[in-house]
Each structure stands twice: as C-alpha cells, then as structure tokens.
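Below you'll find the structure, written out as structure tokens, and then a few comments.
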Amino acid sequence: MPVEIENDANLGALAEMTWGAGRECSNFAYIKASTGIGAGLVVDGRLLRGASGTAGEIGHTTLDESGALCYCGNRGCLETVASGPAIIGLVSSGHPETLTLAQVIELAMDATPAAGARSRTPAVRSASRWPACATSSILNA
Ligand SMILES: [Zn+2]
C-alpha cells in the first residue's frame, strides 16, 4: 500500500480544505502554533509546498534581529515570541508557578476568573466570529 508522509501544518490545511473551515475557500492559510509555528498554504485549491517543500515554514522568520535567541541559532524568530513555549514563558513571568499551555489558554478564555464567570476575552470573541475564508483575504492583501 502506498504511504505518503507530510508535515503537520500541511496536513492541517488539507484536513480543513476537505472537512473543515476551508471547504468553501480556494485560498487560505492554516496556521499551526504549537511547540513550533508553521503554515499550510492553499492556493487555487491546492496545497502550496514551494520549490523546496518549505513554503509554510514561517516559524523562523526574523521579527527582531536583536530579539531572543532561538534554538535555530538566529535571533528574534517568530517562534521566540509566539510558539507555545514562548507564550508560556511570557505569561509565566507574571505568575509564581510555571503554567502549562492549557492553563495559559484557560486564562485567555476566562476574562474574569475571580468572579467565576466564564466569558471570553474580546480577542477570542473576535476570532471566533471570523468568516471561514478570512485568511484568504489576508493572503490576497
Ligand atoms: Zn529560529
């Protein structure tokens, strides 16, 4: 049986194109932010891999040449400020204990934890209202 191997961001984009938010879109970017950051790019209904297969490898894009040292050896990569470990580090600096990613997400989702109310932050509310093809507008901008 033939077996194909693909990176996780590209597979995420293919899954969204087949069963998810990308079904009605011919152009979109699936952004995977976890331990690393990558993108699966769909252009004209097809996965865009690029000439060397690295089209969506955005995690080591330099944002700040004098920024934090990245594990790749460069400074100020996107992953140094927006990956799961980077976000945990930034949020944990204000807390006495080390937080897990699940706790960080919980904090972001819970606007008023002291009151016990479960309401979402304005950013989360805004993101949840984005139309399914909003990312294609960004790509076409
Ligand atoms: Zn890097």
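Ordering of the structure tokens sets the chain letters (A, B, ...); residue numbers start at 1 within each chain; ligands are numbered from 1 in the order shown.
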With only C-alpha atoms and all ligand atoms counted and 7 Å as the cut-off, give the residues of chain A in contact with ligand 1, each with its shortest interatomic distance in Å and the pair that gives it, as JSON lines.
```
{"residue": "A:Gly59", "atom": "CA", "partner": "ligand 1", "partner_atom_place_in_ligand_line": "1 (Zn)", "distance": 6.6}
{"residue": "A:His60", "atom": "CA", "partner": "ligand 1", "partner_atom_place_in_ligand_line": "1 (Zn)", "distance": 4.0}
{"residue": "A:Cys70", "atom": "CA", "partner": "ligand 1", "partner_atom_place_in_ligand_line": "1 (Zn)", "distance": 4.6}
{"residue": "A:Tyr71", "atom": "CA", "partner": "ligand 1", "partner_atom_place_in_ligand_line": "1 (Zn)", "distance": 5.9}
{"residue": "A:Cys72", "atom": "CA", "partner": "ligand 1", "partner_atom_place_in_ligand_line": "1 (Zn)", "distance": 4.3}
{"residue": "A:Gly73", "atom": "CA", "partner": "ligand 1", "partner_atom_place_in_ligand_line": "1 (Zn)", "distance": 6.3}
{"residue": "A:Asn74", "atom": "CA", "partner": "ligand 1", "partner_atom_place_in_ligand_line": "1 (Zn)", "distance": 5.4}
{"residue": "A:Arg75", "atom": "CA", "partner": "ligand 1", "partner_atom_place_in_ligand_line": "1 (Zn)", "distance": 6.7}
{"residue": "A:Cys77", "atom": "CA", "partner": "ligand 1", "partner_atom_place_in_ligand_line": "1 (Zn)", "distance": 4.6}
{"residue": "A:Glu79", "atom": "CA", "partner": "ligand 1", "partner_atom_place_in_ligand_line": "1 (Zn)", "distance": 6.4}
```
Need the shell around Leu90 in chain A: protein/DNA/RNA residues with any atom at most 12 Å away, counting only C-alpha atoms. Skip same-chain ones fewer than 3 positions apart. Format as a PyMOL selection string?
chain A and resi 68+80-87+93-95+98-101+104
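Each of A:Val43, A:Ala13, A:Leu78, A:Ile105 was compared to Tyr30 in chain A using only C-alpha atoms, and A:Ala13 turns out to be the nearest.
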Have a look at A:Gly56, A:Gly40, A:Gly45, A:Gly67 and name the one nearest to Asn10 in chain A; count only C-alpha atoms.
A:Gly40
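The space between CA of Glu6 in chain A and CA of Ala102 in chain A spans 26.6 Å.
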